[in-house]
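Asker: Enclosed is the structure file entry_38.txt (compact mmCIF, C-alpha atoms).
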```
# COMPACT_ATOMS: atom_id res chain seq x y z
CA MET B 1 26.59 -87.41 42.34
CA GLY B 2 29.24 -90.15 42.46
CA PRO B 3 32.73 -89.89 44.00
CA THR B 4 34.40 -89.47 40.62
CA ALA B 5 32.19 -86.52 39.67
CA MET B 6 32.68 -85.00 43.10
CA ALA B 7 36.44 -85.28 42.78
CA LEU B 8 36.32 -83.73 39.30
CA LEU B 9 34.27 -80.78 40.56
CA ARG B 10 36.61 -80.33 43.49
CA SER B 11 39.65 -80.25 41.20
CA HIS B 12 37.97 -77.67 38.94
CA ALA B 13 37.11 -75.52 41.94
CA ILE B 14 40.70 -75.63 43.17
CA VAL B 15 41.95 -74.63 39.70
CA LEU B 16 39.59 -71.62 39.65
CA VAL B 17 40.84 -70.49 43.05
CA LEU B 18 44.48 -70.85 41.95
CA VAL B 19 43.78 -68.87 38.75
CA ALA B 20 42.16 -66.12 40.78
CA VAL B 21 45.14 -65.94 43.12
CA SER B 22 47.59 -65.93 40.19
CA GLN B 23 45.97 -62.78 38.81
CA TRP B 24 47.23 -60.90 41.89
CA GLN B 25 50.81 -62.15 41.56
CA PRO B 26 53.34 -60.07 39.61
CA GLY B 27 54.49 -61.72 36.43
CA CYS B 28 51.50 -64.02 36.24
CA GLY B 29 48.12 -63.93 34.60
CA HIS B 30 46.53 -63.51 31.20
CA GLY B 31 48.36 -60.31 30.27
CA ASP B 32 51.76 -62.02 30.37
CA HIS B 33 51.15 -65.11 28.26
CA LYS B 34 53.41 -65.61 25.29
CA VAL B 35 51.81 -63.95 22.28
CA GLN B 36 51.72 -66.10 19.14
CA LYS B 37 52.47 -64.67 15.69
CA SER B 38 48.86 -65.29 14.68
CA ASP B 39 47.70 -63.04 17.54
CA LEU B 40 49.57 -60.00 16.22
CA GLY B 41 47.93 -57.10 14.41
CA GLN B 42 48.66 -54.43 11.83
CA LEU B 43 47.75 -50.79 11.25
CA ILE B 44 48.52 -48.77 8.10
CA ALA B 45 47.85 -45.02 8.02
CA LEU B 46 48.06 -42.39 5.29
CA THR B 47 48.22 -38.61 5.54
CA TYR B 48 47.82 -36.60 2.36
CA ASN B 49 47.38 -32.90 1.61
CA THR B 50 45.12 -32.92 -1.45
CA ALA B 51 45.73 -29.26 -2.45
CA LEU B 52 42.05 -29.08 -3.40
CA SER B 53 41.93 -25.63 -1.83
CA PHE B 54 43.55 -24.35 -5.04
CA SER B 55 40.58 -23.35 -7.21
CA ASP B 56 42.47 -23.15 -10.49
CA MET B 57 41.42 -24.54 -13.86
CA THR B 58 42.87 -27.98 -13.00
CA LYS B 59 40.74 -28.34 -9.85
CA PRO B 60 37.87 -30.40 -11.39
CA SER B 61 40.20 -32.99 -12.86
CA ARG B 62 42.30 -33.17 -9.68
CA LEU B 63 39.15 -33.71 -7.62
CA ASN B 64 38.04 -36.51 -9.95
CA GLU B 65 41.41 -38.24 -9.68
CA THR B 66 41.49 -37.90 -5.90
CA ALA B 67 37.98 -39.34 -5.51
CA ASP B 68 38.83 -42.21 -7.88
CA LEU B 69 41.86 -43.11 -5.77
CA PHE B 70 39.68 -43.87 -2.77
CA ARG B 71 36.98 -45.53 -4.86
CA ASN B 72 39.54 -48.02 -6.20
CA LYS B 73 39.47 -50.97 -3.77
CA THR B 74 42.93 -52.13 -4.84
CA VAL B 75 44.42 -48.78 -3.85
CA ALA B 76 42.19 -48.22 -0.82
CA ASP B 77 43.05 -51.67 0.58
CA MET B 78 46.54 -50.35 1.31
CA TRP B 79 45.33 -48.29 4.30
CA ASP B 80 43.19 -48.62 7.42
CA VAL B 81 42.84 -44.97 8.38
CA VAL B 82 43.41 -41.83 6.28
CA CYS B 83 43.83 -38.14 7.12
CA LEU B 84 43.17 -35.72 4.24
CA GLN B 85 43.84 -31.98 4.31
CA GLU B 86 42.71 -29.09 2.09
CA VAL B 87 39.46 -30.72 1.06
CA GLN B 88 38.08 -27.26 1.63
CA GLU B 89 34.64 -27.27 0.04
CA ARG B 90 31.58 -29.02 1.33
CA GLU B 91 30.77 -30.56 -2.06
CA ASP B 92 34.31 -31.93 -2.38
CA GLN B 93 34.13 -33.58 1.05
CA VAL B 94 30.85 -35.25 0.19
CA ARG B 95 32.25 -36.40 -3.16
CA ILE B 96 35.29 -38.02 -1.57
CA MET B 97 33.32 -39.56 1.30
CA ASP B 98 30.92 -41.22 -1.13
CA ALA B 99 33.76 -42.49 -3.32
CA ALA B 100 35.70 -43.76 -0.30
CA ARG B 101 32.66 -45.69 0.91
CA GLU B 102 32.75 -47.62 -2.36
CA GLY B 103 36.42 -48.36 -1.67
CA GLY B 104 35.69 -49.78 1.77
CA PHE B 105 36.05 -46.73 4.02
CA MET B 106 32.65 -47.01 5.67
CA TYR B 107 33.39 -44.46 8.40
CA SER B 108 34.29 -40.80 8.13
CA LEU B 109 34.66 -37.68 10.25
CA SER B 110 34.80 -34.01 9.32
CA PHE B 111 33.72 -30.63 10.67
CA LEU B 112 30.58 -30.92 8.54
CA ASN B 113 29.22 -34.40 8.93
CA GLY B 114 29.82 -35.67 12.44
CA THR B 115 30.47 -39.34 11.72
CA ASN B 116 29.25 -41.65 8.98
CA ALA B 117 26.85 -39.12 7.42
CA SER B 118 27.20 -38.62 3.69
CA VAL B 119 25.73 -35.13 3.57
CA ALA B 120 25.77 -32.29 6.06
CA GLY B 121 22.76 -30.08 6.77
CA PRO B 122 20.90 -28.13 4.07
CA LEU B 123 22.68 -25.50 2.01
CA ARG B 124 22.18 -22.01 3.32
CA SER B 125 20.85 -19.05 1.40
CA GLY B 126 22.19 -15.53 1.65
CA PRO B 127 25.47 -13.71 1.18
CA ALA B 128 28.62 -14.97 2.87
CA CYS B 129 30.01 -11.41 3.09
CA ASN B 130 28.70 -7.98 4.03
CA GLY B 131 28.83 -5.91 0.85
CA LEU B 132 29.14 -2.51 2.55
CA LYS B 133 32.18 -3.59 4.53
CA LEU B 134 33.82 -5.02 1.42
CA LEU B 135 33.28 -1.94 -0.72
CA ARG B 136 36.35 0.00 0.45
CA LEU B 137 38.48 -3.15 0.43
CA GLY B 138 37.49 -3.81 -3.17
CA GLN B 139 38.31 -0.23 -4.16
CA CYS B 140 41.72 -0.47 -2.50
CA MET B 141 42.58 -3.73 -4.21
CA THR B 142 41.44 -2.43 -7.57
CA ALA B 143 43.85 0.46 -7.17
CA ASN B 144 46.81 -1.48 -5.74
CA CYS B 145 46.58 -5.20 -6.45
CA THR B 146 45.28 -5.62 -10.02
CA ALA B 147 48.46 -7.27 -11.32
CA GLN B 148 48.50 -9.77 -8.44
CA ILE B 149 44.81 -10.56 -8.92
CA GLN B 150 45.32 -11.15 -12.63
CA SER B 151 48.25 -13.48 -11.91
CA GLY B 152 45.89 -15.96 -10.22
CA ASN B 153 48.51 -16.62 -7.48
CA GLN B 154 46.55 -16.48 -4.24
CA ARG B 155 49.70 -16.04 -2.15
CA LEU B 156 50.66 -12.92 -4.11
CA VAL B 157 47.11 -11.61 -3.81
CA LEU B 158 47.00 -12.16 -0.06
CA SER B 159 50.41 -10.55 0.35
CA CYS B 160 49.19 -7.46 -1.53
CA ALA B 161 45.97 -7.33 0.49
CA PHE B 162 47.80 -7.51 3.81
CA THR B 163 50.53 -5.02 2.89
CA ARG B 164 48.76 -2.42 0.72
CA CYS B 165 45.18 -2.65 1.97
CA SER B 166 45.70 -3.71 5.59
CA SER B 167 43.54 -0.96 7.14
CA GLU B 168 40.67 -1.69 4.74
CA LEU B 169 41.06 -5.42 5.39
CA ILE B 170 40.87 -4.91 9.15
CA ALA B 171 37.95 -2.50 8.85
CA ALA B 172 36.00 -5.03 6.74
CA GLN B 173 35.81 -7.35 9.79
CA LEU B 174 35.51 -10.40 7.58
CA SER B 175 33.71 -13.38 9.04
CA GLN B 176 35.19 -16.86 8.60
CA GLU B 177 32.41 -17.67 6.11
CA CYS B 178 33.27 -14.57 4.08
CA ILE B 179 36.97 -15.49 4.12
CA ASN B 180 36.12 -19.01 2.96
CA CYS B 181 34.10 -17.56 0.09
CA ILE B 182 36.93 -15.22 -0.93
CA ASN B 183 39.37 -18.13 -0.74
CA ARG B 184 37.11 -19.99 -3.15
CA GLU B 185 36.17 -17.18 -5.53
CA GLY B 186 39.36 -15.15 -5.29
CA PHE B 187 39.80 -11.47 -4.56
CA ASN B 188 39.14 -10.82 -8.23
CA GLY B 189 35.47 -11.15 -7.30
CA LEU B 190 35.71 -7.86 -5.46
CA THR B 191 36.84 -6.09 -8.63
CA SER B 192 35.36 -8.03 -11.55
CA GLY B 193 32.04 -8.87 -9.95
CA VAL B 194 32.38 -12.62 -10.58
CA GLY B 195 33.08 -13.55 -6.98
CA SER B 196 30.93 -10.69 -5.71
CA ARG B 197 27.83 -12.34 -7.09
CA SER B 198 28.75 -15.51 -5.19
CA CYS B 199 29.87 -13.94 -1.93
CA LEU B 200 27.50 -10.95 -1.76
CA SER B 201 24.30 -12.05 -3.46
CA PRO B 202 21.32 -12.94 -1.24
CA MET B 203 20.54 -15.67 -3.80
CA THR B 204 23.76 -17.57 -3.00
CA ARG B 205 23.20 -21.30 -2.44
CA PHE B 206 26.66 -22.20 -1.15
CA ASP B 207 27.59 -23.24 2.35
CA PHE B 208 30.84 -21.58 3.39
CA GLN B 209 30.78 -22.99 6.88
CA PRO B 210 34.43 -23.62 7.83
CA THR B 211 35.54 -27.18 7.10
CA TYR B 212 39.21 -26.51 7.93
CA GLY B 213 39.83 -28.79 4.95
CA LEU B 214 40.01 -31.89 7.14
CA LEU B 215 38.53 -35.29 6.39
CA MET B 216 39.24 -38.56 8.23
CA LEU B 217 38.41 -41.88 6.56
CA SER B 218 38.46 -45.25 8.29
CA LYS B 219 37.83 -48.92 7.51
CA TYR B 220 36.81 -49.42 11.13
CA PRO B 221 34.25 -47.75 13.43
CA LEU B 222 35.01 -44.29 14.82
CA SER B 223 33.90 -43.31 18.32
CA ASN B 224 34.61 -40.63 20.93
CA THR B 225 34.86 -38.11 18.09
CA LEU B 226 35.81 -34.43 18.26
CA ALA B 227 36.13 -31.61 15.72
CA GLN B 228 38.05 -28.79 17.38
CA THR B 229 39.24 -25.38 16.18
CA PHE B 230 42.47 -23.87 17.45
CA ARG B 231 41.26 -20.28 17.77
CA ASP B 232 38.07 -18.29 17.38
CA GLU B 233 39.56 -15.40 15.40
CA PRO B 234 38.68 -15.44 11.66
CA SER B 235 41.76 -16.17 9.59
CA PHE B 236 42.78 -16.82 5.99
CA PHE B 237 44.70 -19.75 7.48
CA SER B 238 42.00 -21.14 9.77
CA ARG B 239 43.07 -24.39 11.40
CA GLY B 240 41.68 -27.17 13.58
CA TYR B 241 41.88 -30.90 14.21
CA LEU B 242 39.74 -34.04 14.18
CA ARG B 243 40.06 -36.74 16.82
CA ALA B 244 38.50 -40.20 16.96
CA THR B 245 38.97 -43.60 18.53
CA VAL B 246 39.58 -46.23 15.85
CA ALA B 247 39.01 -49.87 16.73
CA GLY B 248 38.29 -53.07 14.89
CA GLY B 249 39.67 -55.51 12.36
CA ARG B 250 43.40 -56.00 12.47
CA THR B 251 44.15 -52.95 14.66
CA LEU B 252 44.04 -55.06 17.86
CA GLY B 253 42.62 -52.65 20.36
CA GLU B 254 41.76 -48.98 20.33
CA TRP B 255 43.88 -46.28 18.69
CA THR B 256 43.35 -42.56 19.16
CA ALA B 257 43.71 -40.97 15.72
CA VAL B 258 44.18 -37.23 15.19
CA CYS B 259 43.91 -35.57 11.78
CA SER B 260 45.19 -32.00 11.56
CA HIS B 261 46.59 -29.18 9.47
CA LEU B 262 48.66 -26.74 11.54
CA TYR B 263 49.37 -23.05 11.01
CA PRO B 264 51.81 -22.50 8.10
CA ASN B 265 54.89 -20.43 7.50
CA THR B 266 53.17 -17.50 5.76
CA ILE B 267 56.22 -16.41 3.78
CA GLY B 268 55.53 -13.10 2.05
CA ILE B 269 52.26 -12.57 3.93
CA PRO B 270 52.40 -10.57 7.17
CA TYR B 271 51.22 -12.51 10.21
CA VAL B 272 47.84 -11.40 11.54
CA GLY B 273 46.82 -12.74 14.94
CA SER B 274 47.41 -12.59 18.67
CA ARG B 275 50.27 -15.13 18.88
CA GLY B 276 53.04 -12.83 17.67
CA ASN B 277 54.19 -14.82 14.65
CA ALA B 278 53.46 -17.93 12.59
CA SER B 279 55.93 -20.20 14.41
CA ASN B 280 54.35 -19.36 17.77
CA GLU B 281 50.92 -20.18 16.41
CA ASN B 282 52.15 -23.48 14.96
CA PHE B 283 53.68 -24.31 18.35
CA GLU B 284 50.39 -23.49 20.13
CA ASN B 285 48.53 -25.71 17.65
CA THR B 286 50.97 -28.54 18.37
CA VAL B 287 50.66 -28.20 22.15
CA ALA B 288 46.85 -28.05 21.94
CA ILE B 289 46.79 -31.48 20.28
CA LEU B 290 49.31 -32.97 22.70
CA ASN B 291 47.26 -31.66 25.64
CA ASP B 292 43.96 -33.01 24.32
CA THR B 293 42.55 -35.00 27.26
CA VAL B 294 41.90 -38.18 25.28
CA VAL B 295 45.25 -37.98 23.49
CA LYS B 296 47.15 -37.61 26.79
CA LYS B 297 45.39 -40.61 28.36
CA SER B 298 45.67 -42.95 25.36
CA ASP B 299 48.44 -45.49 25.08
CA ARG B 300 48.13 -45.96 21.32
CA VAL B 301 48.06 -42.70 19.36
CA LEU B 302 48.46 -41.57 15.73
CA LEU B 303 49.00 -37.85 15.10
CA MET B 304 48.53 -37.37 11.35
CA GLY B 305 48.56 -34.41 9.02
CA ASP B 306 50.31 -31.55 7.31
CA MET B 307 51.96 -30.22 10.45
CA ASN B 308 53.78 -27.38 8.69
CA HIS B 309 56.86 -27.97 10.81
CA SER B 310 59.95 -29.81 9.66
CA PRO B 311 63.18 -31.05 11.24
CA ASN B 312 65.10 -28.91 8.70
CA GLU B 313 63.16 -25.67 9.32
CA GLU B 314 64.79 -23.77 12.16
CA GLU B 315 61.91 -21.35 12.83
CA PHE B 316 59.46 -24.21 13.45
CA LEU B 317 61.85 -26.77 14.95
CA ASN B 318 60.50 -26.23 18.47
CA SER B 319 57.14 -27.68 17.41
CA TYR B 320 58.75 -30.80 15.93
CA ASN B 321 60.97 -31.41 18.95
CA THR B 322 58.09 -30.88 21.35
CA VAL B 323 56.23 -33.81 19.80
CA LEU B 324 59.29 -36.07 20.09
CA ASN B 325 59.79 -35.00 23.70
CA GLU B 326 56.31 -36.37 24.47
CA SER B 327 57.53 -39.92 23.62
CA TYR B 328 56.30 -39.96 20.04
CA CYS B 329 58.12 -41.67 17.19
CA SER B 330 58.52 -39.92 13.85
CA PRO B 331 58.92 -42.92 11.52
CA TYR B 332 58.97 -41.09 8.20
CA ALA B 333 61.48 -38.42 9.18
CA SER B 334 63.78 -40.93 10.92
CA LEU B 335 63.57 -43.76 8.38
CA VAL B 336 63.05 -41.99 5.03
CA GLY B 337 63.79 -38.30 5.43
CA ASN B 338 62.88 -37.16 1.91
CA CYS B 339 60.91 -33.94 1.49
CA THR B 340 57.12 -34.13 1.32
CA PHE B 341 56.75 -30.48 0.25
CA CYS B 342 59.41 -30.22 -2.43
CA ALA B 343 60.63 -27.27 -4.46
CA SER B 344 61.05 -29.69 -7.39
CA ASN B 345 57.31 -30.48 -7.40
CA PRO B 346 55.70 -28.55 -10.31
CA VAL B 347 52.54 -27.86 -8.30
CA ALA B 348 54.59 -26.57 -5.36
CA GLN B 349 56.50 -24.33 -7.76
CA GLN B 350 53.22 -22.77 -8.85
CA ALA B 351 52.55 -21.99 -5.19
CA GLY B 352 55.91 -20.24 -4.94
CA ALA B 353 57.96 -22.99 -3.23
CA THR B 354 61.70 -22.37 -3.20
CA ARG B 355 62.73 -24.73 -0.36
CA SER B 356 61.93 -28.34 0.50
CA PHE B 357 60.60 -29.61 3.84
CA ILE B 358 59.16 -32.63 5.62
CA TYR B 359 55.84 -31.03 6.52
CA ASP B 360 53.71 -34.19 6.50
CA HIS B 361 53.93 -36.51 9.46
CA ILE B 362 52.39 -39.51 11.15
CA TYR B 363 53.67 -39.45 14.70
CA VAL B 364 53.16 -42.69 16.66
CA ARG B 365 53.02 -43.36 20.39
CA ALA B 366 52.37 -46.83 21.82
CA SER B 367 54.38 -46.97 25.01
CA SER B 368 53.16 -50.46 25.96
CA PHE B 369 55.08 -52.03 23.09
CA LEU B 370 56.92 -49.28 21.15
CA GLN B 371 59.96 -47.34 22.29
CA CYS B 372 60.83 -44.01 20.68
CA SER B 373 64.37 -42.66 20.63
CA PRO B 374 65.18 -38.92 20.91
CA ASN B 375 65.58 -38.73 17.11
CA GLY B 376 62.12 -40.19 16.54
CA SER B 377 63.08 -43.73 15.47
CA ALA B 378 61.04 -46.66 16.79
CA THR B 379 62.00 -50.01 18.33
CA GLY B 380 59.89 -52.77 19.86
CA ALA B 381 57.65 -53.36 16.83
CA ASP B 382 58.03 -53.51 13.07
CA VAL B 383 57.48 -49.92 11.94
CA SER B 384 58.05 -48.79 8.35
CA ALA B 385 57.33 -45.60 6.42
CA ARG B 386 57.28 -44.46 2.82
CA ARG B 387 56.47 -41.47 0.68
CA TRP B 388 53.33 -41.85 -1.41
CA SER B 389 52.83 -40.16 -4.76
CA PRO B 390 49.28 -40.26 -6.15
CA GLY B 391 50.38 -39.07 -9.56
CA PRO B 392 51.97 -36.08 -11.30
CA ARG B 393 50.56 -32.60 -10.82
CA LEU B 394 47.88 -33.72 -8.37
CA SER B 395 49.13 -31.88 -5.27
CA ASP B 396 51.99 -29.74 -3.99
CA HIS B 397 52.54 -32.38 -1.28
CA TYR B 398 53.45 -36.04 -1.29
CA GLY B 399 51.56 -38.34 1.04
CA VAL B 400 53.17 -40.21 3.93
CA VAL B 401 52.35 -43.83 4.82
CA VAL B 402 53.31 -45.45 8.13
CA GLU B 403 52.82 -49.18 8.69
CA ILE B 404 52.96 -50.81 12.13
CA ASP B 405 53.23 -54.61 12.05
CA ASN B 406 53.25 -57.27 14.76
CA ILE B 407 51.06 -55.22 17.09
CA PRO B 408 50.49 -57.19 20.31
CA PRO B 409 46.97 -57.49 21.69
CA PRO B 410 46.29 -55.01 24.48
CA SER B 411 46.90 -56.33 27.97
CA PRO B 412 43.85 -56.41 30.20
CA SER B 413 43.67 -53.47 32.58
CA SER B 414 44.17 -53.92 36.32
CA ALA B 415 40.45 -53.43 36.84
CA ASP B 416 39.67 -56.18 34.33
CA LYS B 417 42.11 -58.54 36.04
CA ILE B 418 40.66 -57.87 39.50
CA GLN B 419 37.11 -58.35 38.23
CA ALA B 420 38.04 -61.67 36.58
CA SER B 421 39.88 -62.75 39.73
CA PHE B 422 36.93 -62.09 41.99
CA LEU B 423 34.61 -63.94 39.61
CA ALA B 424 36.88 -66.98 39.44
CA LEU B 425 37.42 -66.93 43.21
CA ALA B 426 33.70 -66.66 43.93
CA ILE B 427 32.81 -69.55 41.60
CA GLY B 428 35.63 -71.71 43.00
CA LEU B 429 34.71 -71.09 46.63
CA LEU B 430 31.03 -71.67 45.85
CA LEU B 431 31.82 -75.02 44.26
CA LEU B 432 34.00 -76.05 47.23
CA ALA B 433 31.24 -75.09 49.63
CA VAL B 434 28.64 -77.11 47.72
CA ILE B 435 30.77 -80.22 47.44
```
Turn this file's structure into structure tokens for me.
Answerer:
Amino acid sequence: MGPTAMALLRSHAIVLVLVAVSQWQPGCGHGDHKVQKSDLGQLIALTYNTALSFSDMTKPSRLNETADLFRNKTVADMWDVVCLQEVQEREDQVRIMDAAREGGFMYSLSFLNGTNASVAGPLRSGPACNGLKLLRLGQCMTANCTAQIQSGNQRLVLSCAFTRCSSELIAAQLSQECINCINREGFNGLTSGVGSRSCLSPMTRFDFQPTYGLLMLSKYPLSNTLAQTFRDEPSFFSRGYLRATVAGGRTLGEWTAVCSHLYPNTIGIPYVGSRGNASNENFENTVAILNDTVVKKSDRVLLMGDMNHSPNEEEFLNSYNTVLNESYCSPYASLVGNCTFCASNPVAQQAGATRSFIYDHIYVRASSFLQCSPNGSATGADVSARRWSPGPRLSDHYGVVVEIDNIPPPSPSSADKIQASFLALAIGLLLLAVI
């Protein structure tokens, strides 16, 4: 090897040693280089309560329209990750997952499918409910709740069941599967026999395994997934959450995404549970998500869903403020502030809505580049939010979209820097020793 080559090798070795040393100096190294505009990323998220838990005569057409939305690539291209609520039935979840795959959402998560599977396990045979236990409940509701059952308003029916047939309801010891079946078929099945044949017949071929109505869709791979319930007690308002790590494409790094539907304000329906009241249970749901081990450790987090707490609802304000106190931004509430569950919405009116709230949220935390003020507004990145309407009479909720632009690439961790430093130092010293 000639002198020129030797000198060139020596200079390269010295550079490697200097780079290795620079990694240990504050303010130096790869993580602090000036980020170019072309290096920046983007993430757009949607949360939407589909209201597909309402099994009225409009349900088939509303399901078709909802599935078509996510099949349409032009529409689906607007989002990277989606959280849907009240997709209660197994068949509906499969229908939307298959349609969304055509629209580019190749990854999904629910209580039924794990990840990326189109269909859950085989349908089960046998009754969802115990007929003997339901007999007295059916007799009580026939005597006391016929008008409410005939109205078709599930809230009125539940209110009657809890107030006029509470002892029979408790004695029935309904399983969650039985409750899910009643929610689908209606209490009129206990009096007319229509739902009874579905919920009580050993020939039933439905799967009423709880789905909690949640479905997460993503353009990018999902990993580290979890489907978690909030409590083990059967409930007509059973709740849970989905959690996944989303990474790929334009997201620039890993995001922890949570999709949830929290306990509601059961106006007109007595609270049944061990938490004292509905606001306490909503608060416990909120804290459970915030205390999720992966959520707590993640720098970049999206908490999405129908949270059933609003900055203008005094009884549930503690839940909303608790999220903000954990350094989350609330872009929609702080930037837009229009109701997402609105008394002016015809579908919400059918459900008995008399007041308007911001129930639907996408909370954002990204402390490495995003600062959140006490009122939930965000600085440090371009964050925007908007209300999304899929069309008239499709749901009692509007969707919420949050867009985060100019996301910086994640800085390498300390461990990564040290590992790179040692490698560079070792190669540099080896070269100096050889030459």
Asker: Point out the residue among B:Thr142, B:Ser274, B:Ser151, B:Ser218 with the least atom-to-atom distance to Ala247 (chain B), counting only C-alpha atoms.
Answerer: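 Ranked by minimum distance to Ala247 (chain B), first place goes to B:Ser218.
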Asker: For CA of Asn280 (chain B) and CA of Glu315 (chain B), quote the distance in Å rounded to one decimal.
Answerer: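 Taking CA of Asn280 (chain B) and CA of Glu315 (chain B), their separation equals 9.2 Å.
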Asker: Would you pick out the contacts of Asn285 (chain B) at 8 Å or less, using only C-alpha atoms, so that residues sharing its chain but fewer than 2 positions from it are not included, and give the list as a PyMOL selection string?
Answerer: chain B and resi 230+262-263+281-283+287-289
Asker: Quote the spacing between CA of Gly399 (chain B) and CA of Cys259 (chain B) in Å to one decimal place.
Answerer: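 Straight-line distance from CA of Gly399 (chain B) to CA of Cys259 (chain B) works out to 13.5 Å.
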Asker: Which residues are close to Tyr359 (chain B), i.e. within 8 Å by all atoms listed in the file, leaving aside same-chain residues fewer than 4 positions away? Reply as a PDB file with C-alpha atoms, in the coordinates of the input.
Answerer:
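Heads up, here's the output in out-v7.pdb:
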```pdb
ATOM      1  CA  ASP B 306      50.310 -31.550   7.310  1.00  0.00           C
ATOM      2  CA  MET B 307      51.960 -30.220  10.450  1.00  0.00           C
ATOM      3  CA  ASN B 308      53.780 -27.380   8.690  1.00  0.00           C
ATOM      4  CA  HIS B 309      56.860 -27.970  10.810  1.00  0.00           C
ATOM      5  CA  SER B 310      59.950 -29.810   9.660  1.00  0.00           C
ATOM      6  CA  CYS B 339      60.910 -33.940   1.490  1.00  0.00           C
ATOM      7  CA  THR B 340      57.120 -34.130   1.320  1.00  0.00           C
ATOM      8  CA  PHE B 341      56.750 -30.480   0.250  1.00  0.00           C
TER       9      PHE B 341
END
```
Asker: One number please: CA of Ala381 (chain B) to CA of Trp255 (chain B), in Å, one decimal.
Answerer: 15.6 Å
